[in-house]
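As provided, data00.csv (CSV, C-alpha atoms) reads as follows.
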```
chain,number,residue,atom,x,y,z
A,533,MET,CA,-4.4,41.0,-31.8
A,534,THR,CA,-1.1,40.0,-33.4
A,535,GLU,CA,-0.4,39.9,-37.1
A,536,GLU,CA,-0.3,36.1,-36.9
A,537,GLU,CA,-3.7,36.0,-35.3
A,538,ILE,CA,-5.1,38.4,-38.0
A,539,LEU,CA,-3.7,36.2,-40.7
A,540,ARG,CA,-5.1,33.0,-39.1
A,541,ASN,CA,-8.5,34.6,-38.7
A,542,PHE,CA,-8.5,35.6,-42.4
A,543,LYS,CA,-7.5,32.1,-43.5
A,544,ASN,CA,-10.1,30.5,-41.2
A,545,ASN,CA,-12.7,33.1,-42.2
A,546,VAL,CA,-13.4,34.0,-38.5
A,547,ASP,CA,-13.6,37.5,-37.0
A,548,LYS,CA,-12.6,39.1,-40.3
A,549,GLU,CA,-14.0,42.5,-39.5
A,550,LYS,CA,-12.4,42.6,-36.1
A,551,SER,CA,-9.1,41.5,-37.6
A,552,LEU,CA,-9.3,44.1,-40.4
A,553,SER,CA,-10.0,46.8,-37.8
A,554,ALA,CA,-7.0,45.7,-35.8
A,555,LEU,CA,-4.9,45.7,-38.9
A,556,MET,CA,-6.0,49.3,-39.7
A,557,ASP,CA,-5.3,50.4,-36.2
A,558,MET,CA,-1.7,49.1,-36.5
A,559,HIS,CA,-0.9,50.6,-39.8
A,560,LYS,CA,-3.3,53.3,-41.0
A,561,GLN,CA,-1.4,56.4,-39.6
A,562,LYS,CA,2.0,55.5,-41.1
A,563,LEU,CA,0.4,54.4,-44.4
A,564,TYR,CA,-1.6,57.6,-44.5
A,565,TRP,CA,1.5,59.8,-44.2
A,566,HIS,CA,3.4,57.8,-46.7
A,567,ILE,CA,0.6,58.1,-49.3
A,568,ARG,CA,0.1,61.8,-48.4
A,569,ARG,CA,3.7,62.5,-49.1
A,570,MET,CA,3.3,60.9,-52.5
A,571,VAL,CA,0.0,62.4,-53.7
A,572,VAL,CA,-0.2,65.5,-51.4
A,573,ASP,CA,-4.0,65.9,-51.4
A,574,HIS,CA,-5.9,64.7,-48.4
A,575,GLU,CA,-8.9,63.4,-50.3
A,576,ASP,CA,-6.8,61.5,-52.8
A,577,THR,CA,-4.8,60.1,-49.8
A,578,ASN,CA,-8.0,59.0,-48.2
A,579,ASP,CA,-9.3,57.2,-51.3
A,580,ILE,CA,-6.0,55.4,-51.8
A,581,LEU,CA,-5.7,54.4,-48.1
A,582,GLN,CA,-9.2,53.0,-48.1
A,583,ASN,CA,-8.4,51.1,-51.3
A,584,VAL,CA,-5.3,49.6,-49.6
A,585,PHE,CA,-7.4,48.1,-46.8
A,586,ILE,CA,-10.1,47.0,-49.2
A,587,LYS,CA,-7.5,45.2,-51.2
A,588,ALA,CA,-6.1,43.7,-48.0
A,589,TRP,CA,-9.6,42.5,-47.1
A,590,LYS,CA,-10.0,40.8,-50.5
A,591,ASN,CA,-6.5,39.2,-50.6
A,592,LEU,CA,-5.3,38.7,-47.1
A,593,GLU,CA,-6.5,35.1,-47.0
A,594,LYS,CA,-4.2,34.4,-50.0
A,595,PHE,CA,-1.3,36.1,-48.4
A,596,ARG,CA,1.6,33.7,-48.3
A,597,GLY,CA,3.7,35.4,-45.7
A,598,GLU,CA,6.8,35.8,-47.8
A,599,SER,CA,7.1,39.3,-46.3
A,600,GLY,CA,5.5,40.9,-43.3
A,601,ILE,CA,2.0,42.2,-43.6
A,602,TYR,CA,3.4,45.7,-43.0
A,603,THR,CA,5.7,45.4,-46.0
A,604,TRP,CA,2.9,44.0,-48.1
A,605,LEU,CA,0.6,46.9,-47.2
A,606,TYR,CA,3.3,49.4,-48.0
A,607,ARG,CA,3.7,47.6,-51.4
A,608,ILE,CA,0.0,47.9,-52.1
A,609,ALA,CA,0.0,51.5,-51.0
A,610,SER,CA,3.1,52.5,-53.1
A,611,ASN,CA,1.7,50.7,-56.2
A,612,GLU,CA,-1.7,52.4,-55.7
A,613,CYS,CA,0.1,55.8,-55.5
A,614,PHE,CA,2.1,55.1,-58.7
A,615,THR,CA,-1.1,54.1,-60.5
A,616,PHE,CA,-2.9,57.1,-59.2
A,617,MET,CA,-0.1,59.5,-60.3
A,618,LYS,CA,0.1,57.9,-63.7
A,619,LYS,CA,-3.7,58.3,-64.2
A,620,GLU,CA,-3.5,61.9,-62.9
A,621,LYS,CA,-0.7,62.7,-65.3
A,622,LYS,CA,-2.8,61.3,-68.2
A,623,ARG,CA,-5.9,63.1,-67.1
A,624,ARG,CA,-4.3,66.4,-66.9
A,625,ALA,CA,-2.1,65.7,-70.0
A,626,ILE,CA,0.6,67.8,-68.6
A,627,SER,CA,4.4,67.5,-68.7
A,628,LEU,CA,6.2,66.0,-65.7
A,629,SER,CA,7.7,69.2,-64.6
A,630,ASP,CA,4.3,70.9,-64.7
A,631,GLU,CA,3.0,68.1,-62.7
A,632,GLU,CA,5.8,68.5,-60.1
A,633,ASN,CA,5.0,72.1,-59.9
A,634,ASP,CA,1.4,71.2,-59.5
A,635,TYR,CA,2.1,69.1,-56.4
A,636,SER,CA,4.2,72.0,-55.0
A,637,ASN,CA,1.3,74.3,-55.7
A,638,GLN,CA,-1.0,72.0,-53.9
A,639,ILE,CA,1.3,72.1,-50.9
A,640,LYS,CA,1.4,75.9,-51.0
A,641,ALA,CA,-2.3,76.0,-51.1
A,642,ASP,CA,-2.6,74.3,-47.7
A,643,LYS,CA,-4.1,76.6,-45.1
A,644,TYR,CA,-1.3,76.0,-42.6
A,645,PHE,CA,1.4,76.6,-45.2
A,646,SER,CA,4.3,78.7,-44.0
A,647,ALA,CA,7.0,79.4,-46.6
A,648,ASN,CA,9.7,80.0,-44.0
A,649,LYS,CA,9.3,76.8,-42.1
A,650,MET,CA,11.7,74.0,-42.8
A,651,GLU,CA,9.1,71.3,-42.7
A,652,TRP,CA,7.2,72.9,-45.6
A,653,LYS,CA,10.3,73.7,-47.6
A,654,LEU,CA,11.2,70.0,-47.3
A,655,GLN,CA,7.8,69.0,-48.5
A,656,ILE,CA,8.1,71.2,-51.5
A,657,ALA,CA,11.6,70.1,-52.3
A,658,MET,CA,10.5,66.4,-52.1
A,659,GLN,CA,7.9,67.0,-54.8
A,660,GLN,CA,10.6,67.9,-57.2
A,661,LEU,CA,11.8,64.3,-57.1
A,662,PRO,CA,10.8,61.6,-59.6
A,663,GLU,CA,8.0,59.4,-58.4
A,664,LYS,CA,10.1,56.4,-57.4
A,665,GLN,CA,12.8,58.5,-55.8
A,666,LYS,CA,10.1,60.3,-53.8
A,667,ALA,CA,8.8,56.9,-52.6
A,668,VAL,CA,12.4,55.8,-51.6
A,669,PHE,CA,12.9,59.1,-49.8
A,670,SER,CA,9.6,58.8,-48.0
A,671,LEU,CA,10.2,55.3,-46.8
A,672,ARG,CA,13.8,55.8,-45.8
A,673,TYR,CA,13.8,59.3,-44.4
A,674,TYR,CA,10.4,59.6,-42.8
A,675,ASP,CA,9.5,55.9,-42.1
A,676,GLU,CA,13.1,55.0,-41.3
A,677,MET,CA,12.6,51.7,-43.1
A,678,PRO,CA,15.7,49.5,-43.6
A,679,TYR,CA,16.9,49.2,-47.3
A,680,SER,CA,16.1,45.5,-47.2
A,681,GLU,CA,12.4,46.2,-46.4
A,682,ILE,CA,12.2,49.0,-49.0
A,683,ALA,CA,13.7,46.6,-51.5
A,684,LYS,CA,10.7,44.3,-50.9
A,685,VAL,CA,8.2,47.2,-51.0
A,686,LEU,CA,9.5,48.6,-54.3
A,687,GLU,CA,10.8,45.4,-55.7
A,688,THR,CA,14.2,46.9,-56.4
A,689,SER,CA,17.7,45.9,-55.4
A,690,GLU,CA,19.2,47.4,-52.3
A,691,GLY,CA,22.1,48.8,-54.2
A,692,ALA,CA,19.9,50.7,-56.5
A,693,LEU,CA,17.8,52.0,-53.6
A,694,LYS,CA,20.9,53.3,-51.8
A,695,ALA,CA,22.0,55.2,-54.9
A,696,SER,CA,18.5,56.5,-55.4
A,697,TYR,CA,18.2,57.7,-51.8
A,698,HIS,CA,21.6,59.4,-51.9
A,699,HIS,CA,20.6,61.2,-55.1
A,700,ALA,CA,17.4,62.3,-53.5
A,701,VAL,CA,19.1,63.7,-50.4
A,702,LYS,CA,21.6,65.6,-52.4
A,703,LYS,CA,19.0,67.0,-54.7
A,704,ILE,CA,16.9,68.1,-51.8
A,705,GLN,CA,19.8,69.7,-50.1
A,706,HIS,CA,20.6,71.5,-53.4
A,707,LEU,CA,17.0,72.7,-53.6
A,708,LEU,CA,16.9,73.8,-50.0
A,709,THR,CA,20.1,75.9,-50.2
A,710,GLN,CA,18.9,77.4,-53.5
A,711,HIS,CA,15.8,79.0,-52.0
B,614,MET,CA,51.7,34.4,-35.4
B,615,ASN,CA,53.3,32.0,-32.9
B,616,ASN,CA,50.2,32.2,-30.8
B,617,ASP,CA,48.0,31.4,-33.9
B,618,ASN,CA,50.1,28.4,-34.6
B,619,ASN,CA,49.7,27.2,-31.1
B,620,ILE,CA,45.9,27.5,-31.3
B,621,GLN,CA,45.8,25.6,-34.5
B,622,ALA,CA,48.0,22.8,-33.1
B,623,GLU,CA,45.8,22.7,-30.0
B,624,LEU,CA,42.7,22.4,-32.1
B,625,GLU,CA,44.2,19.6,-34.1
B,626,GLU,CA,45.2,17.8,-30.9
B,627,LEU,CA,41.7,18.2,-29.5
B,628,GLY,CA,40.1,16.2,-32.2
B,629,PHE,CA,39.3,15.0,-35.7
B,630,THR,CA,38.1,17.8,-38.1
B,631,LEU,CA,37.8,20.7,-35.7
B,632,GLY,CA,41.2,22.0,-36.7
B,633,HIS,CA,40.2,22.1,-40.4
B,634,LEU,CA,36.9,23.8,-39.7
B,635,LYS,CA,38.7,26.9,-38.3
B,636,THR,CA,39.4,28.2,-41.8
B,637,PRO,CA,36.4,27.5,-43.9
B,638,ASP,CA,36.2,28.6,-47.5
B,639,LEU,CA,33.9,31.5,-47.0
B,640,SER,CA,34.2,34.1,-49.7
B,641,VAL,CA,33.8,37.8,-49.5
B,642,PRO,CA,32.6,39.7,-52.6
B,643,LYS,CA,35.4,41.1,-54.7
B,644,ASP,CA,36.6,44.6,-53.5
B,645,TYR,CA,34.1,44.5,-50.6
B,646,LEU,CA,36.6,45.3,-47.9
B,647,ASP,CA,38.3,47.9,-50.1
B,648,GLN,CA,35.1,49.7,-50.7
B,649,LEU,CA,33.6,49.4,-47.2
B,650,ASN,CA,35.3,52.6,-45.8
B,651,GLY,CA,34.0,54.7,-48.7
B,652,GLN,CA,30.5,53.3,-48.3
B,653,VAL,CA,30.4,54.0,-44.6
B,654,PHE,CA,31.7,57.6,-45.1
B,655,ASP,CA,29.0,58.1,-47.8
B,656,GLU,CA,26.3,57.0,-45.4
B,657,ILE,CA,27.7,59.3,-42.7
B,658,ALA,CA,27.7,62.2,-45.1
B,659,ILE,CA,24.1,61.6,-46.2
B,660,ALA,CA,23.0,61.3,-42.6
B,661,GLU,CA,24.8,64.5,-41.7
B,662,ILE,CA,23.1,66.4,-44.6
B,663,SER,CA,19.6,65.4,-43.5
B,664,ASP,CA,20.3,65.8,-39.7
B,665,ASN,CA,19.0,69.3,-39.7
B,666,TRP,CA,15.8,68.5,-41.6
B,667,SER,CA,12.6,67.9,-39.7
B,668,LYS,CA,10.7,64.7,-39.9
B,669,GLN,CA,7.6,66.4,-38.6
B,670,MET,CA,4.8,66.5,-41.2
B,671,PRO,CA,3.5,70.0,-41.4
B,672,GLN,CA,0.1,69.2,-42.8
B,673,GLN,CA,-2.7,68.8,-40.2
B,674,ILE,CA,-5.7,66.5,-40.3
B,675,SER,CA,-8.7,66.5,-38.2
B,676,SER,CA,-8.5,64.3,-35.1
B,677,GLU,CA,-11.7,62.6,-36.0
B,678,TYR,CA,-10.3,61.4,-39.3
B,679,PHE,CA,-8.5,58.3,-38.0
B,680,ASP,CA,-11.2,57.6,-35.4
B,681,GLN,CA,-13.8,57.3,-38.2
B,682,PHE,CA,-11.6,55.7,-40.7
B,683,ASN,CA,-12.1,52.0,-39.7
B,684,SER,CA,-15.9,52.3,-39.8
B,685,LYS,CA,-15.8,53.8,-43.2
B,686,VAL,CA,-13.7,51.0,-44.6
B,687,LEU,CA,-15.7,48.3,-42.8
B,688,THR,CA,-18.9,49.8,-44.3
B,689,LYS,CA,-17.4,49.6,-47.7
B,690,VAL,CA,-16.2,46.1,-47.4
B,691,ALA,CA,-19.6,45.0,-46.1
B,692,THR,CA,-21.3,46.5,-49.1
B,693,GLU,CA,-18.8,45.2,-51.6
B,694,THR,CA,-20.4,42.7,-54.0
B,695,PRO,CA,-18.7,39.4,-53.6
B,696,THR,CA,-16.2,39.0,-56.5
B,697,VAL,CA,-15.7,35.7,-58.3
B,698,LEU,CA,-12.3,34.7,-57.4
B,699,ILE,CA,-10.5,33.4,-60.4
B,700,GLY,CA,-7.6,32.2,-58.1
B,701,HIS,CA,-4.4,30.8,-59.4
B,702,PRO,CA,-5.1,29.1,-62.7
B,703,THR,CA,-3.9,25.5,-62.6
B,704,LYS,CA,-2.0,23.7,-65.2
B,705,LYS,CA,-5.0,21.5,-65.8
B,706,TYR,CA,-7.1,24.6,-66.3
B,707,HIS,CA,-4.7,26.0,-68.9
B,708,TRP,CA,-4.5,22.7,-70.7
B,709,ALA,CA,-8.2,22.6,-70.8
B,710,MET,CA,-8.2,26.1,-72.2
B,711,ALA,CA,-5.7,25.1,-74.8
B,712,ALA,CA,-7.7,22.0,-75.7
B,713,SER,CA,-10.9,24.1,-76.0
B,714,ILE,CA,-9.3,26.7,-78.2
B,715,ALA,CA,-7.7,24.1,-80.4
B,716,LEU,CA,-11.0,22.3,-80.7
B,717,ILE,CA,-12.8,25.5,-81.6
B,718,LEU,CA,-10.2,26.4,-84.2
B,719,SER,CA,-10.2,22.9,-85.6
B,720,VAL,CA,-14.0,22.8,-85.9
B,721,GLY,CA,-14.0,26.3,-87.3
B,722,LEU,CA,-11.5,25.4,-90.0
B,723,PHE,CA,-13.4,22.2,-90.8
B,724,LEU,CA,-16.7,24.0,-91.1
B,725,PHE,CA,-15.3,26.6,-93.4
B,726,GLN,CA,-13.2,24.3,-95.5
B,727,GLY,CA,-14.1,24.6,-99.2
B,728,SER,CA,-15.8,27.9,-98.8
B,729,ASP,CA,-13.8,30.3,-100.9
B,730,ASN,CA,-15.5,33.6,-100.8
B,731,ASN,CA,-14.6,35.3,-97.6
B,732,SER,CA,-11.7,35.4,-95.2
B,733,PHE,CA,-11.7,33.1,-92.2
B,734,GLU,CA,-12.3,36.0,-89.8
B,735,ALA,CA,-15.3,37.2,-91.9
B,736,GLN,CA,-16.8,33.8,-91.9
B,737,LEU,CA,-16.2,33.3,-88.2
B,738,SER,CA,-17.9,36.6,-87.5
B,739,GLY,CA,-20.9,35.3,-89.4
B,740,ILE,CA,-21.5,32.7,-86.7
B,741,GLU,CA,-24.3,33.6,-84.3
B,742,GLN,CA,-23.2,34.2,-80.7
B,743,ALA,CA,-25.8,31.8,-79.5
B,744,GLU,CA,-24.3,29.1,-81.8
B,745,LEU,CA,-20.9,29.7,-80.3
B,746,ASN,CA,-22.2,29.6,-76.8
B,747,ASP,CA,-24.0,26.3,-77.6
B,748,TYR,CA,-20.9,24.9,-79.0
B,749,MET,CA,-18.8,25.9,-76.1
B,750,GLN,CA,-21.3,24.6,-73.6
B,751,SER,CA,-21.6,21.2,-75.3
B,752,HIS,CA,-17.9,20.7,-76.1
B,753,ALA,CA,-15.7,22.6,-73.9
B,754,TYR,CA,-16.4,20.7,-70.8
B,755,ASP,CA,-13.4,21.9,-69.1
B,756,PHE,CA,-14.4,25.6,-69.3
B,757,ASN,CA,-15.1,26.9,-65.8
B,758,ASP,CA,-18.6,28.0,-65.2
B,759,TYR,CA,-17.7,31.5,-64.5
B,760,ILE,CA,-16.2,32.0,-68.0
B,761,LEU,CA,-19.5,30.8,-69.6
B,762,ASP,CA,-21.4,33.1,-67.2
B,763,GLY,CA,-19.4,36.0,-68.5
B,764,GLN,CA,-18.2,36.9,-65.1
B,765,ALA,CA,-14.5,36.4,-65.7
B,766,ASP,CA,-12.1,39.0,-66.9
B,767,LEU,CA,-11.4,37.3,-70.2
B,768,GLN,CA,-8.5,39.6,-71.0
B,769,GLN,CA,-6.8,38.5,-67.8
B,770,VAL,CA,-7.7,34.8,-68.5
B,771,GLU,CA,-6.2,35.1,-72.0
B,772,ALA,CA,-3.1,36.8,-70.6
B,773,ASP,CA,-2.7,34.2,-67.9
B,774,PHE,CA,-3.2,31.4,-70.5
B,775,LEU,CA,-0.7,32.9,-72.9
B,776,HIS,CA,1.8,33.2,-70.1
B,777,GLU,CA,1.3,29.6,-69.1
B,778,VAL,CA,1.6,28.1,-72.5
B,779,GLU,CA,4.5,30.3,-73.5
B,780,GLY,CA,7.4,28.0,-74.3
B,781,LEU,CA,5.3,25.0,-75.0
B,782,SER,CA,5.6,23.7,-78.5
B,783,LYS,CA,2.6,23.5,-80.8
B,784,ASP,CA,3.0,19.7,-80.7
B,785,GLU,CA,2.7,19.6,-77.0
B,786,ILE,CA,-0.5,21.6,-77.0
B,787,MET,CA,-2.0,19.6,-79.8
B,788,GLU,CA,-1.0,16.3,-78.1
B,789,TYR,CA,-3.2,17.3,-75.2
B,790,ALA,CA,-5.9,18.8,-77.4
B,791,LEU,CA,-6.5,15.9,-79.8
```

Taking this structure as input, can you express it in the form of structure tokens?
Amino acid sequence: MTEEEILRNFKNNVDKEKSLSALMDMHKQKLYWHIRRMVVDHEDTNDILQNVFIKAWKNLEKFRGESGIYTWLYRIASNECFTFMKKEKKRRAISLSDEENDYSNQIKADKYFSANKMEWKLQIAMQQLPEKQKAVFSLRYYDEMPYSEIAKVLETSEGALKASYHHAVKKIQHLLTQH
Amino acid sequence: MNNDNNIQAELEELGFTLGHLKTPDLSVPKDYLDQLNGQVFDEIAIAEISDNWSKQMPQQISSEYFDQFNSKVLTKVATETPTVLIGHPTKKYHWAMAASIALILSVGLFLFQGSDNNSFEAQLSGIEQAELNDYMQSHAYDFNDYILDGQADLQQVEADFLHEVEGLSKDEIMEYAL
């Protein structure tokens, strides 16, 4: 089923479950990892990912197609992550740097964690970035999304995104060479 | 240069406006070409830094997770209680809201005119909820049912309304309301 067919089905209120299922099959894995890189914990990721598709279910018939469904889903997912992180910060009433450490600690608590492996080092370094920069890095580096698409997802100018990504890469490089 | 001139002359010979269309007035952002080299080198440098990093996610999740994911979401959406969709409030709706609010305020002021003991707010708080509901049901004909049923997010409705009437003068609102 193509995205056009999915949209048409939602608008005509036919085969909605089947269409949602097709939509999930297309995007759930990429969205899962984007969210996971943001909030680290699997259970939190799972809750957010389910919310993303529930929101899609509720709103897809009103989707006006100004961007692709893929971009739209990423926008919902990123906003859900920001909201979640804000709530968490309030809930824990801890400072930003403590929170960052907290995400790093969650990574270190993973049963497969290996301090010497580059993949894990990169994950920990990424958690030292501010939220929005973390999202930019996740979308650009891991998902290889063009800046024009990221601009739609995060509703920011392409120029600002490029600067943000460059800062993120340099900061990560600095952190990786430090340890 | 000589060759360029020949091409231009040839174009002009070939016909009407074609020769002039060769050099349209397209503009390039200021300093774009001067900065282009620097931008390209920046991109290359950033790409080189991250070339040695791995895009592999080290975390692992059970293979069943994605297999079962769809059915979990579909179960959830099936049990979701249908929400009342407020939709995009129309201009008419906002005008109706403005009219209703203006009417309520006018009637409120009229009712309490001459009473000099308490503040307007205190007097308003003395009105029974049932009386207010009766009033709204009988007068505010343009209120949507869902508001009267208490199903709407009134804060959102209020925010939408304020956004919509922002910039309208008091006279414009009153003109409609009265």

request  = Might you pull out every residue within 8 Å of segment 645-662 of chain A, with all atoms listed in the file counted and same-chain residues fewer than 2 positions away left off, and present them as a list in words?
outcome  = Arg569, Met570, Glu632, Asn633, Tyr635, Ser636, Ile639, Lys640, Ala641, Asp642, Lys643, Lys664, Gln665, Lys666, Ala700, Ile704, Leu707 and Leu708 of chain A; Trp666, Ser667, Lys668, Gln669, Met670, Pro671 and Gln672 of chain B

Go ahead and write the residues just picked, C-alpha atoms, as a CSV table (one decimal), in the coordinates of the input.
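Result went into selection-v5.csv, see below:
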```csv
chain,number,residue,atom,x,y,z
A,569,ARG,CA,3.7,62.5,-49.1
A,570,MET,CA,3.3,60.9,-52.5
A,632,GLU,CA,5.8,68.5,-60.1
A,633,ASN,CA,5.0,72.1,-59.9
A,635,TYR,CA,2.1,69.1,-56.4
A,636,SER,CA,4.2,72.0,-55.0
A,639,ILE,CA,1.3,72.1,-50.9
A,640,LYS,CA,1.4,75.9,-51.0
A,641,ALA,CA,-2.3,76.0,-51.1
A,642,ASP,CA,-2.6,74.3,-47.7
A,643,LYS,CA,-4.1,76.6,-45.1
A,664,LYS,CA,10.1,56.4,-57.4
A,665,GLN,CA,12.8,58.5,-55.8
A,666,LYS,CA,10.1,60.3,-53.8
A,700,ALA,CA,17.4,62.3,-53.5
A,704,ILE,CA,16.9,68.1,-51.8
A,707,LEU,CA,17.0,72.7,-53.6
A,708,LEU,CA,16.9,73.8,-50.0
B,666,TRP,CA,15.8,68.5,-41.6
B,667,SER,CA,12.6,67.9,-39.7
B,668,LYS,CA,10.7,64.7,-39.9
B,669,GLN,CA,7.6,66.4,-38.6
B,670,MET,CA,4.8,66.5,-41.2
B,671,PRO,CA,3.5,70.0,-41.4
B,672,GLN,CA,0.1,69.2,-42.8
```

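Separating atom CA of Ser675 of chain B from atom CA of Cys613 of chain A is a distance of 22.2 Å.
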
task = Taking only C-alpha atoms into account, report as a ChimeraX atom specification which residues of chain A lie within 8 Å of chain B.
result = /A:549,553,556-557,560-561,582,585-586,589,642,644-645,650-652,654,673-674,698,701-702,705

message = Let me make sure I understand: among B:Leu639, B:Leu627, B:Ile657, B:Ala772, which one has the smallest atom-to-atom distance to Met710 of chain B if we use all atoms listed in the file?
response =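 Distance minimum relative to Met710 of chain B lands on B:Ala772.
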
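The spacing separating atom CA of Leu539 of chain A from atom CA of Ile601 of chain A amounts to 8.8 Å.
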
request  = Can you work out the spacing between atom CA of Thr688 of chain B and atom CA of Asn545 of chain A in Å, to one decimal?
outcome  =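 A separation of 17.9 Å between them.
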